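This is upload18.csv. It holds CSV, N, CA, C and O atoms.
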chain,number,residue,atom,x,y,z
K,1,MET,N,57.9,98.5,97.0
K,1,MET,CA,57.2,97.5,97.8
K,1,MET,C,57.7,96.1,97.3
K,1,MET,O,57.7,95.8,96.2
K,2,GLU,N,58.1,95.3,98.3
K,2,GLU,CA,58.6,94.0,98.0
K,2,GLU,C,57.4,93.0,97.9
K,2,GLU,O,56.4,93.1,98.6
K,3,THR,N,57.5,92.0,97.0
K,3,THR,CA,56.5,91.0,97.0
K,3,THR,C,57.0,89.7,97.6
K,3,THR,O,58.2,89.5,97.7
K,4,ALA,N,56.1,89.0,98.1
K,4,ALA,CA,56.5,87.7,98.8
K,4,ALA,C,56.8,86.6,97.8
K,4,ALA,O,56.3,86.7,96.7
K,5,GLU,N,57.6,85.7,98.2
K,5,GLU,CA,57.9,84.5,97.4
K,5,GLU,C,56.6,83.8,97.2
K,5,GLU,O,55.7,83.7,98.0
K,6,PRO,N,56.4,83.1,96.0
K,6,PRO,CA,55.2,82.3,95.8
K,6,PRO,C,55.2,81.1,96.7
K,6,PRO,O,56.2,80.6,97.1
K,7,VAL,N,54.0,80.8,97.1
K,7,VAL,CA,53.8,79.7,98.0
K,7,VAL,C,53.8,78.4,97.2
K,7,VAL,O,53.0,78.3,96.2
K,8,THR,N,54.6,77.5,97.6
K,8,THR,CA,54.6,76.2,96.8
K,8,THR,C,54.4,75.1,97.8
K,8,THR,O,54.8,75.2,99.0
K,9,GLY,N,53.9,73.9,97.4
K,9,GLY,CA,53.8,72.8,98.3
K,9,GLY,C,53.2,71.6,97.5
K,9,GLY,O,52.8,71.7,96.4
K,10,ASP,N,53.1,70.5,98.2
K,10,ASP,CA,52.6,69.3,97.7
K,10,ASP,C,51.3,69.0,98.4
K,10,ASP,O,51.1,69.3,99.6
K,11,TYR,N,50.4,68.4,97.7
K,11,TYR,CA,49.1,67.9,98.3
K,11,TYR,C,49.4,66.5,98.7
K,11,TYR,O,50.1,65.7,98.0
K,12,PRO,N,48.8,66.1,99.8
K,12,PRO,CA,49.0,64.7,100.3
K,12,PRO,C,48.3,63.7,99.3
K,12,PRO,O,47.3,64.0,98.7
K,13,THR,N,48.9,62.6,99.1
K,13,THR,CA,48.4,61.6,98.2
K,13,THR,C,47.4,60.6,98.9
K,13,THR,O,46.5,60.1,98.2
K,14,GLU,N,47.5,60.5,100.2
K,14,GLU,CA,46.5,59.6,100.9
K,14,GLU,C,45.1,60.3,101.0
K,14,GLU,O,45.0,61.5,101.0
K,15,PRO,N,44.1,59.5,101.0
K,15,PRO,CA,42.7,60.1,101.1
K,15,PRO,C,42.5,60.8,102.4
K,15,PRO,O,43.1,60.4,103.5
K,16,ARG,N,41.7,61.8,102.4
K,16,ARG,CA,41.4,62.6,103.6
K,16,ARG,C,40.3,61.9,104.3
K,16,ARG,O,39.4,61.3,103.7
K,17,LEU,N,40.3,62.0,105.6
K,17,LEU,CA,39.2,61.5,106.4
K,17,LEU,C,38.0,62.4,106.3
K,17,LEU,O,38.1,63.6,106.3
K,18,PRO,N,36.8,61.8,106.3
K,18,PRO,CA,35.6,62.7,106.3
K,18,PRO,C,35.4,63.4,107.6
K,18,PRO,O,35.8,62.9,108.6
K,19,LEU,N,34.6,64.4,107.5
K,19,LEU,CA,34.2,65.1,108.8
K,19,LEU,C,33.2,64.3,109.6
K,19,LEU,O,32.6,63.4,109.0
K,20,LEU,N,33.2,64.5,110.8
K,20,LEU,CA,32.2,63.8,111.7
K,20,LEU,C,30.8,64.2,111.3
K,20,LEU,O,30.5,65.4,111.0
K,21,THR,N,29.9,63.3,111.4
K,21,THR,CA,28.5,63.6,111.3
K,21,THR,C,28.0,64.1,112.6
K,21,THR,O,28.6,64.0,113.7
K,22,ALA,N,26.8,64.8,112.6
K,22,ALA,CA,26.3,65.3,113.9
K,22,ALA,C,26.0,64.2,114.8
K,22,ALA,O,26.2,64.3,116.0
K,23,ALA,N,25.5,63.0,114.3
K,23,ALA,CA,25.3,61.9,115.2
K,23,ALA,C,26.5,61.4,115.8
K,23,ALA,O,26.5,61.0,117.0
K,24,GLU,N,27.6,61.3,115.1
K,24,GLU,CA,28.9,60.9,115.6
K,24,GLU,C,29.4,61.9,116.7
K,24,GLU,O,29.9,61.5,117.7
K,25,ALA,N,29.2,63.1,116.4
K,25,ALA,CA,29.6,64.2,117.4
K,25,ALA,C,28.8,64.1,118.7
K,25,ALA,O,29.4,64.2,119.8
K,26,ARG,N,27.5,63.8,118.6
K,26,ARG,CA,26.7,63.7,119.8
K,26,ARG,C,27.1,62.4,120.6
K,26,ARG,O,27.2,62.5,121.8
K,27,GLU,N,27.5,61.4,119.9
K,27,GLU,CA,28.0,60.2,120.5
K,27,GLU,C,29.3,60.4,121.3
K,27,GLU,O,29.5,60.0,122.4
K,28,ALA,N,30.2,61.2,120.6
K,28,ALA,CA,31.5,61.5,121.3
K,28,ALA,C,31.2,62.4,122.5
K,28,ALA,O,31.9,62.2,123.6
K,29,VAL,N,30.3,63.3,122.4
K,29,VAL,CA,29.9,64.1,123.6
K,29,VAL,C,29.4,63.3,124.7
K,29,VAL,O,29.8,63.5,125.9
K,30,GLY,N,28.6,62.3,124.4
K,30,GLY,CA,28.1,61.4,125.4
K,30,GLY,C,29.2,60.6,126.1
K,30,GLY,O,29.2,60.4,127.3
K,31,TYR,N,30.2,60.1,125.3
K,31,TYR,CA,31.3,59.4,125.9
K,31,TYR,C,32.2,60.4,126.8
K,31,TYR,O,32.7,60.0,127.9
K,32,LEU,N,32.3,61.6,126.4
K,32,LEU,CA,33.1,62.6,127.2
K,32,LEU,C,32.3,62.8,128.5
K,32,LEU,O,33.0,63.0,129.6
K,33,ASN,N,31.0,62.9,128.5
K,33,ASN,CA,30.2,63.1,129.7
K,33,ASN,C,30.4,61.9,130.6
K,33,ASN,O,30.5,62.1,131.8
K,34,LEU,N,30.3,60.7,130.0
K,34,LEU,CA,30.5,59.5,130.8
K,34,LEU,C,31.9,59.5,131.5
K,34,LEU,O,32.0,59.2,132.7
K,35,LEU,N,32.9,59.9,130.7
K,35,LEU,CA,34.3,60.0,131.3
K,35,LEU,C,34.3,60.9,132.5
K,35,LEU,O,35.0,60.6,133.5
K,36,GLU,N,33.6,62.0,132.4
K,36,GLU,CA,33.6,63.0,133.5
K,36,GLU,C,33.0,62.4,134.7
K,36,GLU,O,33.5,62.6,135.8
K,37,THR,N,32.0,61.5,134.6
K,37,THR,CA,31.4,60.9,135.8
K,37,THR,C,32.3,59.8,136.4
K,37,THR,O,32.2,59.6,137.6
K,38,LEU,N,33.0,59.2,135.5
K,38,LEU,CA,33.9,58.1,136.0
K,38,LEU,C,35.2,58.5,136.5
K,38,LEU,O,35.8,57.8,137.3
K,39,ASP,N,35.7,59.6,136.0
K,39,ASP,CA,37.1,60.1,136.4
K,39,ASP,C,36.9,61.4,137.2
K,39,ASP,O,36.6,62.4,136.7
K,40,LEU,N,37.2,61.3,138.5
K,40,LEU,CA,37.0,62.4,139.4
K,40,LEU,C,38.2,63.3,139.5
K,40,LEU,O,38.3,64.2,140.3
K,41,THR,N,39.2,63.1,138.6
K,41,THR,CA,40.4,63.9,138.6
K,41,THR,C,40.2,65.1,137.7
K,41,THR,O,39.1,65.3,137.0
K,42,PRO,N,41.1,66.1,137.7
K,42,PRO,CA,41.0,67.2,136.8
K,42,PRO,C,40.8,66.8,135.3
K,42,PRO,O,40.2,67.5,134.5
K,43,ARG,N,41.4,65.6,134.9
K,43,ARG,CA,41.2,65.1,133.6
K,43,ARG,C,39.7,64.9,133.3
K,43,ARG,O,39.2,65.2,132.2
K,44,GLY,N,39.0,64.3,134.2
K,44,GLY,CA,37.6,64.1,134.1
K,44,GLY,C,36.8,65.4,134.0
K,44,GLY,O,35.9,65.5,133.1
K,45,GLN,N,37.2,66.4,134.8
K,45,GLN,CA,36.6,67.7,134.7
K,45,GLN,C,36.8,68.3,133.3
K,45,GLN,O,35.9,69.0,132.7
K,46,ALA,N,38.0,68.2,132.8
K,46,ALA,CA,38.4,68.7,131.5
K,46,ALA,C,37.5,68.0,130.4
K,46,ALA,O,37.1,68.7,129.4
K,47,ALA,N,37.3,66.7,130.5
K,47,ALA,CA,36.4,66.0,129.6
K,47,ALA,C,35.0,66.6,129.6
K,47,ALA,O,34.4,66.7,128.5
K,48,GLY,N,34.5,66.9,130.8
K,48,GLY,CA,33.2,67.5,130.9
K,48,GLY,C,33.1,68.8,130.3
K,48,GLY,O,32.1,69.2,129.6
K,49,GLN,N,34.2,69.6,130.5
K,49,GLN,CA,34.2,71.0,129.9
K,49,GLN,C,34.3,70.9,128.3
K,49,GLN,O,33.6,71.6,127.6
K,50,LEU,N,35.1,70.0,127.8
K,50,LEU,CA,35.1,69.7,126.4
K,50,LEU,C,33.8,69.3,125.8
K,50,LEU,O,33.4,69.8,124.8
K,51,ALA,N,33.1,68.4,126.6
K,51,ALA,CA,31.8,67.9,126.1
K,51,ALA,C,30.8,69.1,126.0
K,51,ALA,O,30.1,69.2,125.1
K,52,ALA,N,30.8,70.0,127.0
K,52,ALA,CA,29.9,71.1,127.0
K,52,ALA,C,30.3,72.1,125.9
K,52,ALA,O,29.4,72.5,125.2
K,53,ASP,N,31.5,72.3,125.6
K,53,ASP,CA,31.9,73.2,124.5
K,53,ASP,C,31.5,72.6,123.2
K,53,ASP,O,31.0,73.3,122.3
K,54,LEU,N,31.8,71.3,123.0
K,54,LEU,CA,31.4,70.7,121.7
K,54,LEU,C,29.9,70.6,121.5
K,54,LEU,O,29.4,70.8,120.4
K,55,ALA,N,29.2,70.3,122.6
K,55,ALA,CA,27.7,70.2,122.5
K,55,ALA,C,27.1,71.5,122.0
K,55,ALA,O,26.1,71.5,121.3
K,56,ARG,N,27.6,72.6,122.4
K,56,ARG,CA,27.1,73.9,122.0
K,56,ARG,C,27.3,74.1,120.5
K,56,ARG,O,26.6,74.9,119.9
K,57,ARG,N,28.3,73.4,119.9
K,57,ARG,CA,28.6,73.6,118.5
K,57,ARG,C,27.9,72.6,117.6
K,57,ARG,O,28.0,72.8,116.3
K,58,ILE,N,27.2,71.6,118.1
K,58,ILE,CA,26.5,70.6,117.3
K,58,ILE,C,25.1,71.2,117.0
K,58,ILE,O,24.4,71.6,117.9
K,59,PRO,N,24.7,71.1,115.7
K,59,PRO,CA,23.4,71.6,115.4
K,59,PRO,C,22.3,70.7,116.0
K,59,PRO,O,22.5,69.5,116.2
K,60,SER,N,21.2,71.2,116.4
K,60,SER,CA,20.1,70.5,116.9
K,60,SER,C,19.5,69.5,115.9
K,60,SER,O,19.5,69.9,114.7
K,61,PRO,N,19.0,68.4,116.3
K,61,PRO,CA,18.5,67.4,115.3
K,61,PRO,C,17.1,67.9,114.7
K,61,PRO,O,16.5,68.7,115.2
As structure tokens:
Amino acid sequence: METAEPVTGDYPTEPRLPLLTAAEAREAVGYLNLLETLDLTPRGQAAGQLAADLARRIPSP
């Protein structure tokens, strides 16, 4: 049985961005919903679908 080569790599030196808070995620969903109402093209519909998908993943307050 062959073994794989060891995985090597470097860690980034720049600081990592923090995760979104639930409040920030809710605000983003609100903006996506607003975009859906203002943009009647398929892009606006996609924003609405993304908002719905994200909203289901945000914990309730």
Practice item. Could you give me, as number ranges by chain, the residues within 7 Å of range 27-39 of chain K, counting all atoms listed in the file and dropping anything in the same chain fewer than 4 positions from it? Key: K: 21-23, 43-52, 54-55
Review point. Suppose you want the space between atom O of Ser60 in chain K and CA of Arg26 in chain K; what is it in Å?
Key: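 Result for atom O of Ser60 in chain K versus CA of Arg26 in chain K: 10.8 Å, one decimal.
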Exercise for review: Could you tell me, as a ChimeraX atom specification, which residues of range 15-52 of chain K DSSP assigns to alpha helix (DSSP H) when given the backbone?
Suggested key: /K:22-38,42-52
Practice item. Go ahead and compute the interatomic distance for atom N of Leu20 in chain K and atom N of Asp53 in chain K, in Å to one decimal. Key: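 That distance, rounded to one decimal, is 16.8 Å.
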Practice item. Grab the atom C of Ile58 in chain K to atom O of Pro18 in chain K distance for me, in Å with one decimal place. Key: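 These two atoms are separated by 15.9 Å.
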